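One structure is given below, encoded as structure tokens.
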Amino acid sequence: MTEITDITHPEIDTNEMILNMGPQHPSTHGVLRVALKLDGEVVTDLDCDIGYLHRGVEKICEHRNYQMIAPYFDRTDYIAAVSNGLCYVETIEKALALEIPLRAQYLRVILTELNRLSSHLLWLATHALDIGAVTVFLWAFREREELLKIFENFFGARLTCHAFRIGGMTYDAYDGFQAEVKDFCDRFPKRLEEYETLLNTNRIWLSRTVGIGIISADAAIDIGLTGPPLRGSGVEWDIRKAHPYECYADLEFDIPYGENGDTYDRYLVRMEEMRQSRRIILQALEKLPDGPIMAPKAPKVVKPSIGEYYHSIESPKGELGIYLVSDGSTQPTRLRIRPPSFINLQALRQMSIGHLVADVVAIIGTLDIVLGEIDR
Amino acid sequence: MKLVGLEAVLFYLLAVVAILFAIFMITARSAVHSALLLISTLVATAGLYLLVHAEFVAGVQILIYVGGVLVLFIFVIMLVNAKEEDNKMFTRQLLIGGALTFFLGLGIIAILLQTQKGNFFTLASPAPPKIEQAQNNPNLSPSHNISQNTIKIGQELYTKTVLPFEIASLVLLVAIIGAVRLARERKQEKIYD
Amino acid sequence: MLEYLFFFTAPTWFSSLPILKDYIDPMVLDYLVWPLVQIGLLLFVVLTLVAYLTLAERKISAWIQVRIGPNRVGPEGLLQPLADGIKLLLKEDLIPLKADREVFIIAPIIAMVAALVALAVIPWGAAWATISNIDIGLLFILAVSSLGVLGIILGGWASNSKYSLLGALRSAAQMVSYEVAMGLALIGALMFTKTLALQDMVITQERLHIWNILFQPLGFLIYLISGIAETNRAPFDLPEAESELVAGYHTEYSGFRFSLFFIAEYANMLIVSAIAVTVFLGGWYLPGLSYLFTPGSTFFVLASIGVFGLKTLALLYLFFWIRWSLPRYRYDQLMELSWKWMIPAALANIMLTATFLVLGQELALIVSQNNMLEISTLGYVFLISTAFIVTVPLTWIMLGQINKNSRDFNLREVQPLPMNRTINK
């Protein structure tokens with residue numbers, strides 16, 4: 001906080017101007033406040049002020065039992081609620097050393113990858129909107145709408161989807177789920193091509209993204225970037241490959257990675273990830289076995305043994321991890337979330353300095369942050 | 001040509017507006033207000049040019065002075081964010097300035113009286129050419145019949161006064177290059193070269 | 001004085017209206033009543049058109065974006081502009097406390113007046129459809145539209161808000177830069193029409209039986225791009241880039257004052273398209289129109305108004321289309337586009353066009369007589385082919401070479417991303 005007050009109350013300086021972007025600003029993706037120090041329109045310094053959406057999720061978790069905690073995770077990264085739920089239940093399953101049935105695993109993978117698609121589509125929509133391509137925004141929302149309809153049928157909710165239970169799934173796939181997902185996957189590549197014809201070789205899009213917000217592979221690793229921002233810099237790191245969870249080891253997919261670490265490469269990485277997600281979904285649909293969806297040994301009262309547990313998954317935004325300290329009771333002693341957005345946001349300052357105000361908007365977009373997750 | 005009818009009304013209206021706004025401009029406290037009033041003065045002057053059938057000059061007056069120079073004035077005023085000045089009327093400078101202006105004005109009026117031979121309210125301008133009705137022939141290029149003003153200026157500019165014209169453009173070119181040289185930073189040069 | 005402004009006297013059907021003929025002096029009728037009728041009619045049509053342009057924009061953007069668009073107010077949403085207008089009129093008149101009151105009030109008025117005054121000289125059709133055909137028509141429009149910038153700058157400054165100020169600064173720089181390119185782009189066409197009066201330009205194109213765009217493809221392109229930039233439309237809508245500057249110069253404006261800015265923007269669009277049509281697309285001239293109707297007759301004039309309107313609307317559609325397909329330029333890239341591409345290209349266009357005109361005269365393909373061009377059939381072929389085959393590619397290649405080291409347009413080739421094929425556990 002001290003730095004921020006320094007920035008907003010500088011000594012009188014005629015050359016520099018302080019601009020507060022947010023918290024009520026259309027392109028800070030929620031309630032992020034960025035204090036920009038400008039020389040003309042060039043950013044000379046920048047500071048993020050977060051916490052406008054702080055709800056104390058981690059503290060609340062200390063006073064709920066393990067089943068009651070689960071829905072809170074749908075509300076951290078509300079764009080990727082399924083991924084968050086998955087991360088939580090897997091952490092507890094790890095602590096309980098539970099083996100979950102294969103059908104539940106495959107269903108979980110399908111739903112998480114669908115969620116990755118919807119999250120990436122929302123990213124594409126808002127990122128394009130920030131750069132001024134309004135039409136892409138609404139086109140991407142058209143596809144996201146179809147996904148949300150599937151979610152609505154499956155979870156009974158569109159945004160805060162919740163069907164994963166410790167030990168498996170609450171309910172099985174509804175009738176026609178496979179057909180609907182398959183239908184969507186068949187139509188999806190054509191839609192992706194549509195976006196790419198609008199953006200990929202568009203001169204304005206290129207000049208707005210190529211060479212903007214460059215971060216080297218070393219710097220990205222130093223900051224702790226994960227997910228597409230890390231892969232955009234050329235690091236092949238994907239937890240689905242490195243430490244496979246669920247049934248990812250049985251599925252074939254590639255990790256796309258960039259070369260230059262600029263906004264355009266991160267864009268390409270995410271676009272390719274959508275294709276790979278579709279590939280995963282189609283494979284998983286084909287392999288989807290019959291069988292139970294809840295582990296028979298799943299306990300009614302969850303009491304992980306005393307100890308510390310850490311589990312992480314590849315959420316659409318990067319590495320989502322949960323660190324759990326259990327004292328053997330029905331409530332966690334400490335539950336700490338490692339949100340990918342929070343750590344990815346740390347790169348904003350390094351990426352933005354020397355660029356223009358307009359680029360800051362593009363860079364915030366390319367980092368794909370969700371404030372619910374950053375502030376928790 | 002004696003100023004009569006509508007033209008007289010327009011002339012006095014524009015002249016009074018120009019002078020009044022010029023006075024307001026000097027006394028305005030905010031720099032942006034001054035610029036705005038200067039714009040009004042310039043527009044009124046452009047109207048006066050129209051009265052003497054110098055349409056081209058009037059157009060150029062607005063295009064260059066109002067659209068170009070004054071916009072840049074305001075641009076600069078906004079960039080340096082000039083504060084309002086204290087309203088100290090009647091300083092010694094103002095007194096001297098006022099006196100000077102008064103005598104200058106007297107001189108101009110004297111010269112006008114001398115040159116216009118006492119015929120104070122006339123303007124030396126040719127009588128407007130008669131309009132030939134193009135009503136029956138819509139294919140006729142009509143405005144040529146009204147005024148050859150623009151064509152004349154073009155011909156004068158590129159024949160009789162071609163040397164001063166070229167010199168002026170050369171001076172402007174030098175000014176542009178100088179401005180670019182001054183404004184470019186070392187950092188930028190490194191990027192671009 | 002009035003005789004200068006209103007050249008085309010009232011048409012016979014108007015002056016022979018029984019009420020007017022009996023009670024009003026024909027001189028007054030021609031120079032006062034008829035222009036006032038014209039002005040009133042024009043203002044009514046243009047303001048209605050502007051209102052419906054907003055609806056058209058919303059509908060077209062909806063089609064492009066797979067939406068339905070406004071469809072609640074009236075049949076198919078046709079009364080939407082009316083509802084919007086009423087809403088804006090009834091809103092609270094808000095002036096920020098720290099704003100500069102006088103300038104804040106006067107700024108939208110300047111923008112609006114500048115936009116509407118320019119309408120006066122546009123040749124909406126043949127003969128009496130024009131309000132006035134002044135000698136400096138094109139210059140007049142350029143001059144008046146340069147006044148419109150003042151409204152935006154002053155509005156941004158007077159709001160006393162940082163977003164507004166930044167928006168105003170941007171628009172000042174942008175509009176001054178693109179005005180230069182716009183003016184230069186028109187000069188090429190002026191060489192063929194040899195006049196600044198807009199009606200005369202159309203008449204010249206009619207006489208030569210050609211649209212200037214064939215002689216001036218490059219000039220038209222530059223004019224169109226500059227025109228979009230001049231009206232602050234996407235991809236050049238930086239002064240009001242909502243993702244960066246909230247709403248730019250009109251952030252603090254609401255209600256009726258905001259709607260004045262809004263109307264000014266759409267009226268400016270209309271003017272830019274109308275000039276493009278007049279100068280490059282033959283205005284109201286359509287080949288074969290004079291065979292269908294007797295030139296000068298009332299039907300001819302009405303048809304010419306229709307032709308002009310259709311051409312203008314087509315260009316306006318292009319404006320909408322471009323807006324909803326392209327992302328937004330960045331501020332410095334926009335400047336670069338103007339100073340490094342548009343202005344040099346316009347200058348090259350002037351040089352090359354003049355060269356070919358002189359060459360054509362030397363080869364006796366073109367004769368310049370009495371301030372009018374006479375072009376032989378071979379001359380048409382010569383001028384059109386040089387414009388398309390020489391001027392456009394040559395300028396393109398030259399500028400590409402000059403701007404090779406330019407930072408932002410030096411884009412790398414797009415290559416597919418590398419992917420790992422081995423699973424690393």
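Chain labels A, B, ... are given in the sequence in which chains occur in the structure tokens; within each chain residues are numbered consecutively from 1, and ligands are likewise numbered from 1 in the order shown.
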
Contact set, chain A to chain C: 6 Å, only C-alpha atoms, as an MDAnalysis selection string:
chainID A and resid 26:27 130:133 135 138 207 242 254:256 358

Selection near segment 256-265 of chain C, 9 Å with only C-alpha atoms, sequence-local residues under 4 positions removed, as a PDB file with N, CA and C atoms, in the first residue's frame:
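And here's selection-v6.pdb as it stands now:
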ATOM      1  N   LEU C  47     -31.490  15.630 -40.152  1.00  0.00           N
ATOM      2  CA  LEU C  47     -31.604  15.248 -38.740  1.00  0.00           C
ATOM      3  C   LEU C  47     -32.374  13.941 -38.577  1.00  0.00           C
ATOM      4  N   VAL C  50     -29.964  11.309 -39.656  1.00  0.00           N
ATOM      5  CA  VAL C  50     -28.968  11.047 -38.608  1.00  0.00           C
ATOM      6  C   VAL C  50     -29.565  10.162 -37.527  1.00  0.00           C
ATOM      7  N   ALA C  51     -30.796  10.471 -37.147  1.00  0.00           N
ATOM      8  CA  ALA C  51     -31.444   9.650 -36.128  1.00  0.00           C
ATOM      9  C   ALA C  51     -31.572   8.212 -36.611  1.00  0.00           C
ATOM     10  N   GLY C  85     -34.149   9.788 -28.504  1.00  0.00           N
ATOM     11  CA  GLY C  85     -34.154  11.252 -28.477  1.00  0.00           C
ATOM     12  C   GLY C  85     -34.893  11.766 -27.255  1.00  0.00           C
ATOM     13  N   LEU C  88     -32.870  11.224 -24.116  1.00  0.00           N
ATOM     14  CA  LEU C  88     -31.753  12.154 -23.947  1.00  0.00           C
ATOM     15  C   LEU C  88     -32.244  13.546 -23.576  1.00  0.00           C
ATOM     16  N   LEU C  89     -33.392  13.925 -24.159  1.00  0.00           N
ATOM     17  CA  LEU C  89     -33.922  15.263 -23.874  1.00  0.00           C
ATOM     18  C   LEU C  89     -34.393  15.383 -22.429  1.00  0.00           C
ATOM     19  N   LEU C  90     -34.955  14.295 -21.906  1.00  0.00           N
ATOM     20  CA  LEU C  90     -35.548  14.372 -20.571  1.00  0.00           C
ATOM     21  C   LEU C  90     -34.534  14.163 -19.463  1.00  0.00           C
ATOM     22  N   LYS C  91     -33.312  13.792 -19.846  1.00  0.00           N
ATOM     23  CA  LYS C  91     -32.307  13.538 -18.810  1.00  0.00           C
ATOM     24  C   LYS C  91     -31.926  14.811 -18.078  1.00  0.00           C
ATOM     25  N   GLU C  92     -31.429  14.614 -16.864  1.00  0.00           N
ATOM     26  CA  GLU C  92     -31.017  15.766 -16.076  1.00  0.00           C
ATOM     27  C   GLU C  92     -29.835  16.449 -16.758  1.00  0.00           C
ATOM     28  N   ASP C  93     -29.879  17.757 -16.784  1.00  0.00           N
ATOM     29  CA  ASP C  93     -28.808  18.527 -17.402  1.00  0.00           C
ATOM     30  C   ASP C  93     -27.679  18.646 -16.400  1.00  0.00           C
ATOM     31  N   ILE C 105     -20.579  24.376 -21.969  1.00  0.00           N
ATOM     32  CA  ILE C 105     -21.865  24.517 -22.663  1.00  0.00           C
ATOM     33  C   ILE C 105     -21.668  24.783 -24.147  1.00  0.00           C
ATOM     34  N   ALA C 107     -19.106  24.034 -26.143  1.00  0.00           N
ATOM     35  CA  ALA C 107     -18.360  23.062 -26.949  1.00  0.00           C
ATOM     36  C   ALA C 107     -19.260  22.179 -27.824  1.00  0.00           C
ATOM     37  N   PRO C 108     -20.291  21.537 -27.265  1.00  0.00           N
ATOM     38  CA  PRO C 108     -21.129  20.705 -28.142  1.00  0.00           C
ATOM     39  C   PRO C 108     -21.850  21.521 -29.200  1.00  0.00           C
ATOM     40  N   ILE C 109     -22.142  22.790 -28.875  1.00  0.00           N
ATOM     41  CA  ILE C 109     -22.804  23.634 -29.867  1.00  0.00           C
ATOM     42  C   ILE C 109     -21.874  23.880 -31.047  1.00  0.00           C
ATOM     43  N   ALA C 111     -19.469  21.944 -32.081  1.00  0.00           N
ATOM     44  CA  ALA C 111     -19.359  20.704 -32.853  1.00  0.00           C
ATOM     45  C   ALA C 111     -20.572  20.532 -33.763  1.00  0.00           C
ATOM     46  N   MET C 112     -21.741  20.771 -33.197  1.00  0.00           N
ATOM     47  CA  MET C 112     -22.983  20.576 -33.936  1.00  0.00           C
ATOM     48  C   MET C 112     -23.124  21.581 -35.081  1.00  0.00           C
ATOM     49  N   VAL C 113     -22.863  22.854 -34.791  1.00  0.00           N
ATOM     50  CA  VAL C 113     -23.028  23.894 -35.809  1.00  0.00           C
ATOM     51  C   VAL C 113     -22.060  23.662 -36.960  1.00  0.00           C
ATOM     52  N   ALA C 114     -20.819  23.329 -36.622  1.00  0.00           N
ATOM     53  CA  ALA C 114     -19.830  23.096 -37.667  1.00  0.00           C
ATOM     54  C   ALA C 114     -20.283  21.967 -38.581  1.00  0.00           C
ATOM     55  N   ALA C 115     -20.879  20.938 -37.979  1.00  0.00           N
ATOM     56  CA  ALA C 115     -21.318  19.807 -38.799  1.00  0.00           C
ATOM     57  C   ALA C 115     -22.473  20.213 -39.705  1.00  0.00           C
ATOM     58  N   LEU C 116     -23.385  21.012 -39.177  1.00  0.00           N
ATOM     59  CA  LEU C 116     -24.582  21.345 -39.970  1.00  0.00           C
ATOM     60  C   LEU C 116     -24.301  22.398 -41.040  1.00  0.00           C
ATOM     61  N   GLY C 148     -15.013  21.903 -36.359  1.00  0.00           N
ATOM     62  CA  GLY C 148     -15.620  20.879 -35.517  1.00  0.00           C
ATOM     63  C   GLY C 148     -14.651  20.318 -34.491  1.00  0.00           C
ATOM     64  N   GLY C 151     -14.801  21.962 -31.074  1.00  0.00           N
ATOM     65  CA  GLY C 151     -15.841  21.515 -30.161  1.00  0.00           C
ATOM     66  C   GLY C 151     -15.351  20.357 -29.307  1.00  0.00           C
ATOM     67  N   ILE C 152     -14.692  19.420 -29.976  1.00  0.00           N
ATOM     68  CA  ILE C 152     -14.224  18.228 -29.260  1.00  0.00           C
ATOM     69  C   ILE C 152     -13.130  18.594 -28.257  1.00  0.00           C
ATOM     70  N   THR C 231     -13.683  11.474 -38.775  1.00  0.00           N
ATOM     71  CA  THR C 231     -14.957  11.412 -38.069  1.00  0.00           C
ATOM     72  C   THR C 231     -14.867  10.572 -36.800  1.00  0.00           C
ATOM     73  N   ASN C 232     -13.667  10.202 -36.410  1.00  0.00           N
ATOM     74  CA  ASN C 232     -13.454   9.438 -35.171  1.00  0.00           C
ATOM     75  C   ASN C 232     -14.188   8.107 -35.162  1.00  0.00           C
ATOM     76  N   ARG C 233     -14.202   7.438 -36.298  1.00  0.00           N
ATOM     77  CA  ARG C 233     -14.864   6.142 -36.337  1.00  0.00           C
ATOM     78  C   ARG C 233     -13.822   5.042 -36.203  1.00  0.00           C
ATOM     79  N   HIS C 250     -16.175  12.949 -24.395  1.00  0.00           N
ATOM     80  CA  HIS C 250     -17.512  13.221 -23.858  1.00  0.00           C
ATOM     81  C   HIS C 250     -17.831  12.375 -22.620  1.00  0.00           C
ATOM     82  N   GLU C 252     -17.791  13.215 -19.546  1.00  0.00           N
ATOM     83  CA  GLU C 252     -18.568  13.935 -18.545  1.00  0.00           C
ATOM     84  C   GLU C 252     -19.886  14.470 -19.090  1.00  0.00           C
ATOM     85  N   MET C 269     -20.101  12.144 -40.551  1.00  0.00           N
ATOM     86  CA  MET C 269     -19.999  10.948 -41.382  1.00  0.00           C
ATOM     87  C   MET C 269     -20.725  11.158 -42.697  1.00  0.00           C
ATOM     88  N   LEU C 270     -21.912  11.723 -42.568  1.00  0.00           N
ATOM     89  CA  LEU C 270     -22.727  11.993 -43.752  1.00  0.00           C
ATOM     90  C   LEU C 270     -21.987  12.927 -44.700  1.00  0.00           C
TER      91      LEU C 270
END

Quick one: of A:Asp250, A:Glu314, A:Asp368, A:Glu99, who's nearest to Leu288 of chain A, counting only C-alpha atoms?
A:Asp250

Neighbour list for segment 94-99 of chain C as a count of residues only, cut-off 8 Å, only C-alpha atoms, skip fewer than 3 positions in-chain:
8

A:Gly232, A:Gly354, A:Gly176, A:Gly372: which is nearest chain B, counting only C-alpha atoms?
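Checking each candidate against chain B, we get A:Gly354 as the closest.
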
Which residues of chain C are close to chain B, meaning at most 9 Å apart when you count only C-alpha atoms, and how do they look as a PyMOL selection string?
chain C and resi 1+3-4+7-9+11+102-103+126-128+133-136+139-150+153-154+157+165+168-169+172-173+176+194-197+199-201+203-204+206-207+295-296+405-407

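Residues of segment 162-260 of chain A that DSSP places in strand (DSSP E or B), based on the backbone of this structure, are Phe164, Arg165, Gly168, Met169 and Pro256 of chain A.
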
Given the selection you just returned, output its residues as a file containing N, CA and C atoms, formatted as a PDB file, in the first residue's frame.
ATOM      1  N   PHE A 164     -18.932 -31.736  -8.686  1.00  0.00           N
ATOM      2  CA  PHE A 164     -17.900 -32.659  -8.215  1.00  0.00           C
ATOM      3  C   PHE A 164     -18.032 -32.831  -6.711  1.00  0.00           C
ATOM      4  N   ARG A 165     -18.003 -34.086  -6.269  1.00  0.00           N
ATOM      5  CA  ARG A 165     -18.017 -34.364  -4.836  1.00  0.00           C
ATOM      6  C   ARG A 165     -16.714 -35.058  -4.471  1.00  0.00           C
ATOM      7  N   GLY A 168     -15.963 -38.463  -6.186  1.00  0.00           N
ATOM      8  CA  GLY A 168     -16.568 -38.717  -7.486  1.00  0.00           C
ATOM      9  C   GLY A 168     -17.429 -37.575  -7.974  1.00  0.00           C
ATOM     10  N   MET A 169     -18.617 -37.951  -8.464  1.00  0.00           N
ATOM     11  CA  MET A 169     -19.528 -36.939  -8.986  1.00  0.00           C
ATOM     12  C   MET A 169     -20.851 -37.014  -8.241  1.00  0.00           C
ATOM     13  N   PRO A 256       0.906 -26.417 -26.928  1.00  0.00           N
ATOM     14  CA  PRO A 256       1.438 -25.370 -27.794  1.00  0.00           C
ATOM     15  C   PRO A 256       2.287 -24.401 -26.976  1.00  0.00           C
TER      16      PRO A 256
END

Select from segment 163-266 of chain A every residue with an atom at most 8 Å from any atom of segment 329-345 of chain A, then for each give the shortest pair of atoms and their distance in Å to one decimal, using only C-alpha atoms, rows by chain and rising number, as a Markdown table.
| residue | atom | partner | partner_atom | distance |
| --- | --- | --- | --- | --- |
| A:Ile223 | CA | A:Ile343 | CA | 7.5 |
| A:Gly224 | CA | A:Ile343 | CA | 6.6 |
| A:Leu225 | CA | A:Asn344 | CA | 5.1 |
| A:Thr226 | CA | A:Pro340 | CA | 6.7 |
| A:Gly227 | CA | A:Pro340 | CA | 7.8 |
| A:Pro229 | CA | A:Asn344 | CA | 7.5 |

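For the pair atom CA of Glu308 of chain A and atom CA of Val325 of chain A, the separation is 4.5 Å.
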